[in-house]
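A.B. asks: First the structure, which I've put down as structure tokens, then a few questions once you've had a look.
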Number of protein chains: 2
Amino acid sequence: MFSSKTKRPRRSVMQPTIAEVAMEARVSAITVSRVLNSPDVVRPATRARVEAAIDKVGYVRNMLAGSLASASSRFIAVIVPSLSNIVFIEVINGLQSEFERQGYQILLANTDYDLERECQLVRTFLGWSPSALIVTGLRHNSACQRILQEWDSPIAEIMELGEAVDLNIGLDHREAGRCMARYLLEKGHRNVVYVAAQVGRDYRAGLRYEGHWEVLEGSDLTAPLLDMDQLGQFETGARALDSVLADYPDASAIHFANDDLATGALLHAQRQGIRVPETIAIAGFNGLPIGQHVTPRLTTITSPRYRIGRLAAEHVISRIEGRPLHSNRMDVGFELTIGESA
Amino acid sequence: MFSSKTKRPRRSVMQPTIAEVAMEARVSAITVSRVLNSPDVVRPATRARVEAAIDKVGYVRNMLAGSLASASSRFIAVIVPSLSNIVFIEVINGLQSEFERQGYQILLANTDYDLERECQLVRTFLGWSPSALIVTGLRHNSACQRILQEWDSPIAEIMELGEAVDLNIGLDHREAGRCMARYLLEKGHRNVVYVAAQVGRDYRAGLRYEGHWEVLEGSDLTAPLLDMDQLGQFETGARALDSVLADYPDASAIHFANDDLATGALLHAQRQGIRVPETIAIAGFNGLPIGQHVTPRLTTITSPRYRIGRLAAEHVISRIEGRPLHSNRMDVGFELTIGESA
DNA sequence: CGGCAAAATGTTAGCGCTACCATTATTAAT
DNA sequence: ATTAATAATGGTAGCGCTAACATTTTGCCG
């Protein structure tokens, strides 16, 4: 029973706090805090006593309170377009490997390739006072762009190179498109169809198409674009192959926007007895493992996805800890991987 | 200049707080808080004034402070064995879809199939006062088991069915193993090798083997186990196929622990001109999309991965919000998917 | 138009931790 | 032994928000 003037407790049967630990170890709360945060400034004997007390009372640290008091959450907000695409999963793996080692916790979300959603997610995430923000790509809506510009912790825009707000780790998609187009030209192809799935949303596929287009245009060739609706990953590629064979009878090669589409087409060709590359050559982008296990092996461009993640994490951590960076921009490059499919 | 008795400010040039917003809107701080958390108890006119003030001062909500004060973080800690395995990614997608809709934020980590690491991660995550905890599987080390037992927010153990601490959403792996073994028997196979990669770590593959073994043993047949080292996903399957053909000349079928291995084997067979299922039949587990695009299509068992995630999220949310649950256990089942590979 | 319940808003006191400065214990130097 | 320096520990006051209760305002009825 509390009289109306009695202090009413806010916690019912909560966890022990550092106060309990401090009492048990006969030190002050701040010493417990120090054992947790910078053990080496506490004398070993004291530290041992505190650690014993922590065990004894079954103390579980409250990170929320710590983050609030120290105004540093050790959260890293990560925003990618999709979690269904292995490409981004590998990037996240790279980020995670480095951030976890350094005691940072990733907050993850996906935009479904929607810039409005991205903006909303950025807003929400900033509420957690993250130590840094990692977003995919350089295109944002204007509200988002403004928020990013005004926010003053590290921001890494990854996957793509160009005008970034802060850090930028990625590759030149236009150049990747050019690279594959040049290769196909060299191989003697004069009628190449570029196939993507929803270029409007996956605009990096659009950038690669621009590169592709430049090269073919430069050789006075046409560079038709076939933009498919996204169905299943492989399904779309299979359908695209049928469409190209039906609608572009002169086409001798298909430049797919990614390996999922290309693999779908390749496996479909196999089922249908369509000969690759004789009847039609097939090229992809990303360098997914599956491409090297199908027959014929897929000609593609390998992007260092895991590496992008790891490098981004390293740069961001350097920036957080105030270490100087050689450069804000890092071109991770790409590699033409030649199989038998084109 | 501060005299030593002056209150020294802890924040330098920080974000505006609800106090600033309150002043701007000529209301009290708590009203601002209410506009943010339960808008419908604030009169529309007041709400509008507050919302205008929020915009005007550029207020960004501090979730850390809110979580601390309300002792509720709306974090969901999610622990899976691996982020390289699409199976878990799909589960996470299922979780995410539901949790995001309800305003929960996932904290994600992977154990690399290591129970000690799992224990460590659970400890760390509890420090964020998550609203619930979702872990993969039912096996934990004793320290972890104790922590889970003592923690009193919702816990969901997913993927696998059995003795759970709290909620349990998954499927019966032993039964899945039996199901495939029975199917292979029906098809006339009498020499079936079970191939897994590191059963010691992926013990659910071991459970499926147990089911497989029971059925074959019940028909007076042997059930050899080939446990491979994990290399690349597909690579391992390819090597396993070679091993089986070399070391088990009587084998007429391989029951792979998962579709990655099976697909690797299937594609390898194709490259090598080994006829499937005539020379050797191949079966998998999981029902990944790729299995339905290779030739011959993979016979496998389809697990409802996305559904496990969604259901787990639904149950957990119900539990958090104090709604009664029909049952703490949910068997999501599985489905035998018959292709031409076995 | 008074009276009263319900709705809207306000006041106070923490949530559990750490920054900042102050104090005390220990060691080194003379 | 004494002092000066350093190392170790402590006291106090928030971090920004919300729970719990208190107070005021509003709507509605006879």
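Chain labels A, B, ... are given in the sequence in which chains occur in the structure tokens; within each chain residues are numbered consecutively from 1, and ligands are likewise numbered from 1 in the order shown.
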Contacts from chain C to chain B, 9 Å maximum, only C-alpha atoms (C1' of nucleotides): show me the residue list as an mmCIF file with N, CA and C atoms (P, O5', C5', C4', C3', O3' and C1' of nucleotides), in the first residue's frame.
C.D. replies:
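File written: selection.cif
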data_model
loop_
_atom_site.group_PDB
_atom_site.id
_atom_site.type_symbol
_atom_site.label_atom_id
_atom_site.label_comp_id
_atom_site.auth_asym_id
_atom_site.auth_seq_id
_atom_site.Cartn_x
_atom_site.Cartn_y
_atom_site.Cartn_z
ATOM 1 P P DA C 7 -14.613 9.800 -22.751
ATOM 2 O "O5'" DA C 7 -13.788 11.087 -23.174
ATOM 3 C "C5'" DA C 7 -14.486 12.205 -23.744
ATOM 4 C "C4'" DA C 7 -13.544 13.379 -23.783
ATOM 5 C "C3'" DA C 7 -12.157 13.050 -24.326
ATOM 6 O "O3'" DA C 7 -11.857 14.013 -25.322
ATOM 7 C "C1'" DA C 7 -11.975 14.134 -22.231
ATOM 8 P P DA C 8 -10.493 13.962 -26.132
ATOM 9 O "O5'" DA C 8 -9.605 15.008 -25.321
ATOM 10 C "C5'" DA C 8 -10.011 16.372 -25.304
ATOM 11 C "C4'" DA C 8 -9.035 17.153 -24.467
ATOM 12 C "C3'" DA C 8 -7.573 17.038 -24.894
ATOM 13 O "O3'" DA C 8 -7.134 18.357 -25.185
ATOM 14 C "C1'" DA C 8 -7.808 16.738 -22.542
ATOM 15 P P DT C 9 -5.638 18.618 -25.655
ATOM 16 O "O5'" DT C 9 -4.884 18.832 -24.286
ATOM 17 C "C5'" DT C 9 -5.056 20.065 -23.580
ATOM 18 C "C4'" DT C 9 -4.362 19.959 -22.240
ATOM 19 C "C3'" DT C 9 -2.847 19.878 -22.314
ATOM 20 O "O3'" DT C 9 -2.335 21.126 -21.872
ATOM 21 C "C1'" DT C 9 -3.768 18.475 -20.615
ATOM 22 P P DG C 10 -0.786 21.344 -21.715
ATOM 23 O "O5'" DG C 10 -0.569 21.025 -20.171
ATOM 24 C "C5'" DG C 10 -1.307 21.766 -19.209
ATOM 25 C "C4'" DG C 10 -0.915 21.340 -17.805
ATOM 26 C "C3'" DG C 10 0.597 21.345 -17.541
ATOM 27 O "O3'" DG C 10 0.830 21.984 -16.287
ATOM 28 C "C1'" DG C 10 -0.320 19.222 -16.981
ATOM 29 P P DG C 14 11.036 9.307 -7.477
ATOM 30 O "O5'" DG C 14 12.266 9.787 -8.382
ATOM 31 C "C5'" DG C 14 13.079 8.846 -9.075
ATOM 32 C "C4'" DG C 14 12.253 7.970 -9.993
ATOM 33 C "C3'" DG C 14 13.130 7.089 -10.856
ATOM 34 O "O3'" DG C 14 12.603 5.781 -10.921
ATOM 35 C "C1'" DG C 14 11.900 8.604 -12.222
ATOM 36 P P DC C 15 13.560 4.542 -10.887
ATOM 37 O "O5'" DC C 15 13.707 4.133 -12.433
ATOM 38 C "C5'" DC C 15 12.646 3.543 -13.148
ATOM 39 C "C4'" DC C 15 13.097 3.369 -14.587
ATOM 40 C "C3'" DC C 15 14.545 2.944 -14.733
ATOM 41 O "O3'" DC C 15 14.561 1.525 -14.931
ATOM 42 C "C1'" DC C 15 13.993 4.777 -16.226
ATOM 43 P P DG C 16 15.381 0.585 -13.934
ATOM 44 O "O5'" DG C 16 16.881 0.745 -14.431
ATOM 45 C "C5'" DG C 16 17.223 0.343 -15.740
ATOM 46 C "C4'" DG C 16 18.527 1.001 -16.110
ATOM 47 C "C3'" DG C 16 19.688 0.706 -15.162
ATOM 48 O "O3'" DG C 16 20.729 0.141 -15.932
ATOM 49 C "C1'" DG C 16 19.547 3.009 -15.618
ATOM 50 P P DA C 19 30.679 8.497 -20.724
ATOM 51 O "O5'" DA C 19 30.675 10.067 -20.446
ATOM 52 C "C5'" DA C 19 29.777 10.892 -21.177
ATOM 53 C "C4'" DA C 19 29.772 12.278 -20.570
ATOM 54 C "C3'" DA C 19 31.148 12.896 -20.372
ATOM 55 O "O3'" DA C 19 31.059 14.278 -20.692
ATOM 56 C "C1'" DA C 19 30.063 12.669 -18.265
ATOM 57 P P DC C 20 32.381 15.133 -20.799
ATOM 58 O "O5'" DC C 20 32.478 15.825 -19.367
ATOM 59 C "C5'" DC C 20 31.350 16.553 -18.873
ATOM 60 C "C4'" DC C 20 31.578 16.857 -17.419
ATOM 61 C "C3'" DC C 20 32.999 17.305 -17.078
ATOM 62 O "O3'" DC C 20 32.951 18.618 -16.556
ATOM 63 C "C1'" DC C 20 32.198 15.705 -15.523
ATOM 64 P P DC C 21 34.327 19.471 -16.457
ATOM 65 O "O5'" DC C 21 34.677 19.343 -14.915
ATOM 66 C "C5'" DC C 21 33.752 19.886 -13.973
ATOM 67 C "C4'" DC C 21 33.916 19.174 -12.661
ATOM 68 C "C3'" DC C 21 35.247 19.451 -11.959
ATOM 69 O "O3'" DC C 21 34.980 20.141 -10.744
ATOM 70 C "C1'" DC C 21 34.633 17.151 -11.857
#
A.B. asks: Within 12 Å of Ser243 in chain A, counting only C-alpha atoms (C1' of nucleotides), which residues show up once you throw out same-chain ones fewer than 3 positions away? Write them as a ChimeraX atom specification, please.
C.D. replies: /A:193,195,225-228,236-240,246-249,251,254,265
A.B. asks: Emit the selected residues as a PDB file, in the first residue's frame, including C-alpha atoms.
C.D. replies:
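Contents of out-v4.pdb, freshly written:
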ATOM      1  CA  VAL A 193      19.190  -7.251 -76.692  1.00  0.00           C
ATOM      2  CA  VAL A 195      17.028  -7.502 -70.812  1.00  0.00           C
ATOM      3  CA  LEU A 225      15.968  -2.744 -74.258  1.00  0.00           C
ATOM      4  CA  LEU A 226      13.493  -5.366 -73.119  1.00  0.00           C
ATOM      5  CA  ASP A 227      12.099  -4.434 -69.745  1.00  0.00           C
ATOM      6  CA  MET A 228      10.276  -7.335 -68.123  1.00  0.00           C
ATOM      7  CA  THR A 236      11.459 -13.942 -65.644  1.00  0.00           C
ATOM      8  CA  GLY A 237      14.693 -14.879 -67.375  1.00  0.00           C
ATOM      9  CA  ALA A 238      13.056 -17.876 -69.003  1.00  0.00           C
ATOM     10  CA  ARG A 239      10.166 -15.790 -70.327  1.00  0.00           C
ATOM     11  CA  ALA A 240      12.563 -13.136 -71.554  1.00  0.00           C
ATOM     12  CA  ALA A 246      10.112 -14.517 -80.920  1.00  0.00           C
ATOM     13  CA  ASP A 247      10.403 -10.734 -81.228  1.00  0.00           C
ATOM     14  CA  TYR A 248      14.047 -10.177 -82.164  1.00  0.00           C
ATOM     15  CA  PRO A 249      14.789 -12.893 -84.727  1.00  0.00           C
ATOM     16  CA  ALA A 251      19.401 -11.158 -82.101  1.00  0.00           C
ATOM     17  CA  ILE A 254      21.207 -11.291 -74.809  1.00  0.00           C
ATOM     18  CA  ALA A 265      17.286 -18.134 -69.376  1.00  0.00           C
TER      19      ALA A 265
END
A.B. asks: Please determine, counting only C-alpha atoms (C1' of nucleotides), which residue among D:DC29, D:DA8, D:DA22, D:DC17 has the shortest atom-to-atom distance to chain A.
C.D. replies: D:DA8
A.B. asks: What residues in chain D lie within 8 Å of chain B, counting only C-alpha atoms (C1' of nucleotides), written as a PyMOL selection string?
C.D. replies: chain D and resi 14-19
A.B. asks: Restricting the output to C-alpha atoms (C1' of nucleotides), write the selected residues as an mmCIF file, in the first residue's frame.
C.D. replies:
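As written to disk, again.cif reads:
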data_model
loop_
_atom_site.group_PDB
_atom_site.id
_atom_site.type_symbol
_atom_site.label_atom_id
_atom_site.label_comp_id
_atom_site.auth_asym_id
_atom_site.auth_seq_id
_atom_site.Cartn_x
_atom_site.Cartn_y
_atom_site.Cartn_z
ATOM 1 C "C1'" DG D 14 21.770 15.009 -16.092
ATOM 2 C "C1'" DC D 15 20.651 12.133 -21.088
ATOM 3 C "C1'" DG D 16 15.271 12.677 -23.292
ATOM 4 C "C1'" DC D 17 11.545 10.509 -22.500
ATOM 5 C "C1'" DT D 18 7.088 8.491 -20.312
ATOM 6 C "C1'" DA D 19 4.175 6.325 -16.156
#
A.B. asks: Given only C-alpha atoms, how would the per-residue table for chain B near chain A read, listing every residue at most 9 Å away with its closest atom pair and distance in Å to one decimal, sorted by chain and number, as CSV?
C.D. replies:
residue,atom,partner,partner_atom,distance
B:Arg11,CA,A:Ala71,CA,8.7
B:Val60,CA,A:Gly127,CA,6.1
B:Arg61,CA,A:Gly127,CA,5.0
B:Asn62,CA,A:Gly127,CA,4.8
B:Met63,CA,A:Gly127,CA,5.2
B:Leu64,CA,A:Leu64,CA,5.7
B:Ala65,CA,A:Leu68,CA,6.1
B:Ser67,CA,A:Leu64,CA,7.2
B:Leu68,CA,A:Leu64,CA,6.0
B:Ala71,CA,A:Arg11,CA,8.6
B:Ser73,CA,A:Leu64,CA,8.4
B:Leu83,CA,A:Asn93,CA,6.9
B:Ser84,CA,A:Glu90,CA,7.3
B:Ile86,CA,A:Ile86,CA,7.8
B:Ile89,CA,A:Leu83,CA,7.3
B:Glu90,CA,A:Ser84,CA,7.3
B:Ile92,CA,A:Leu83,CA,8.6
B:Asn93,CA,A:Leu83,CA,6.9
B:Gln96,CA,A:Ala109,CA,8.4
B:Glu100,CA,A:Ala109,CA,8.9
B:Gln105,CA,A:Leu107,CA,7.6
B:Ile106,CA,A:Leu107,CA,7.0
B:Leu107,CA,A:Leu107,CA,6.1
B:Leu108,CA,A:Ile106,CA,7.2
B:Ala109,CA,A:Gln96,CA,8.4
B:Arg123,CA,A:Val60,CA,7.8
B:Thr124,CA,A:Arg61,CA,8.3
B:Leu126,CA,A:Val60,CA,7.2
B:Gly127,CA,A:Asn62,CA,4.8
B:Trp128,CA,A:Met63,CA,5.2
B:Ser129,CA,A:Asn62,CA,7.0
B:Gly232,CA,A:Pro289,CA,8.5
B:Gln233,CA,A:Pro289,CA,8.6
B:Phe234,CA,A:His293,CA,7.5
B:Glu235,CA,A:His293,CA,8.4
B:Gly264,CA,A:His293,CA,7.3
B:Leu267,CA,A:Val294,CA,6.1
B:His268,CA,A:His293,CA,7.2
B:Gln270,CA,A:Thr295,CA,7.6
B:Arg271,CA,A:Thr295,CA,6.3
B:Pro289,CA,A:Phe234,CA,8.0
B:Ile290,CA,A:Phe234,CA,7.7
B:His293,CA,A:Leu267,CA,6.2
B:Val294,CA,A:Leu267,CA,6.1
B:Thr295,CA,A:Arg271,CA,6.3
B:Pro296,CA,A:Arg271,CA,8.6
A.B. asks: I need the chosen residues saved as a compact mmCIF listing (two decimals), in the first residue's frame, with C-alpha atoms.
C.D. replies:
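Output (part17.txt):
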# COMPACT_ATOMS: atom_id res chain seq x y z
CA ARG B 11 24.84 18.27 -24.76
CA VAL B 60 13.80 13.88 -34.47
CA ARG B 61 12.43 11.48 -31.97
CA ASN B 62 14.86 9.85 -29.57
CA MET B 63 13.80 6.24 -29.37
CA LEU B 64 16.50 5.35 -26.87
CA ALA B 65 15.09 7.72 -24.29
CA SER B 67 12.47 2.93 -24.67
CA LEU B 68 14.29 3.53 -21.43
CA ALA B 71 10.82 -0.06 -20.43
CA SER B 73 12.14 -1.16 -26.78
CA LEU B 83 23.08 -15.40 -43.20
CA SER B 84 24.61 -17.12 -46.22
CA ILE B 86 18.77 -18.52 -48.33
CA ILE B 89 16.99 -15.29 -45.27
CA GLU B 90 13.48 -16.27 -46.27
CA ILE B 92 13.90 -13.41 -41.81
CA ASN B 93 11.87 -11.94 -44.64
CA GLN B 96 10.45 -8.71 -41.09
CA GLU B 100 7.78 -3.98 -39.58
CA GLN B 105 12.66 -3.37 -35.27
CA ILE B 106 14.63 -6.57 -35.76
CA LEU B 107 18.08 -6.98 -34.24
CA LEU B 108 19.78 -9.67 -36.27
CA ALA B 109 22.77 -11.91 -35.64
CA ARG B 123 23.50 -12.25 -23.58
CA THR B 124 24.35 -9.22 -25.69
CA LEU B 126 19.17 -9.08 -23.75
CA GLY B 127 21.03 -5.89 -22.94
CA TRP B 128 18.86 -4.09 -25.47
CA SER B 129 15.73 -5.11 -23.57
CA GLY B 232 31.10 -23.95 -51.63
CA GLN B 233 27.44 -24.84 -51.55
CA PHE B 234 27.29 -26.43 -54.98
CA GLU B 235 30.89 -27.62 -55.01
CA GLY B 264 25.33 -29.00 -57.01
CA LEU B 267 24.47 -29.72 -62.27
CA HIS B 268 27.66 -31.71 -61.92
CA GLN B 270 24.79 -32.75 -66.22
CA ARG B 271 28.32 -31.52 -66.95
CA PRO B 289 13.26 -22.33 -56.53
CA ILE B 290 16.38 -23.41 -58.41
CA HIS B 293 14.46 -24.94 -62.99
CA VAL B 294 17.13 -27.56 -63.45
CA THR B 295 16.68 -30.57 -65.71
CA PRO B 296 15.62 -33.03 -64.42
A.B. asks: What are the DSSP alpha helix (DSSP H) residues of range 21-202 of chain A, as a PyMOL selection string?
C.D. replies: chain A and resi 21-25+29-37+44-57+63-70+86-101+115-126+142-150+173-186
A.B. asks: Please give the complete set of residues from range 48-114 of chain A that DSSP, run on the backbone, assigns to strand (DSSP E), formatted as JSON, numbers by chain.
C.D. replies: {"A": [75, 76, 77, 78, 79, 80, 105, 106, 107, 108, 109, 110]}
A.B. asks: If you count only C-alpha atoms (C1' of nucleotides), which residues fall within 12 Å of Ala52 in chain B, apart from same-chain ones fewer than 3 positions away, as a VMD selection string?
C.D. replies: chain B and resid 21 to 22 24 to 26 32 35 45 to 49 55 to 59
A.B. asks: What does the distance from CA of His189 in chain B to CA of Ala253 in chain B come to in Å, to one decimal?
C.D. replies: 6.6 Å
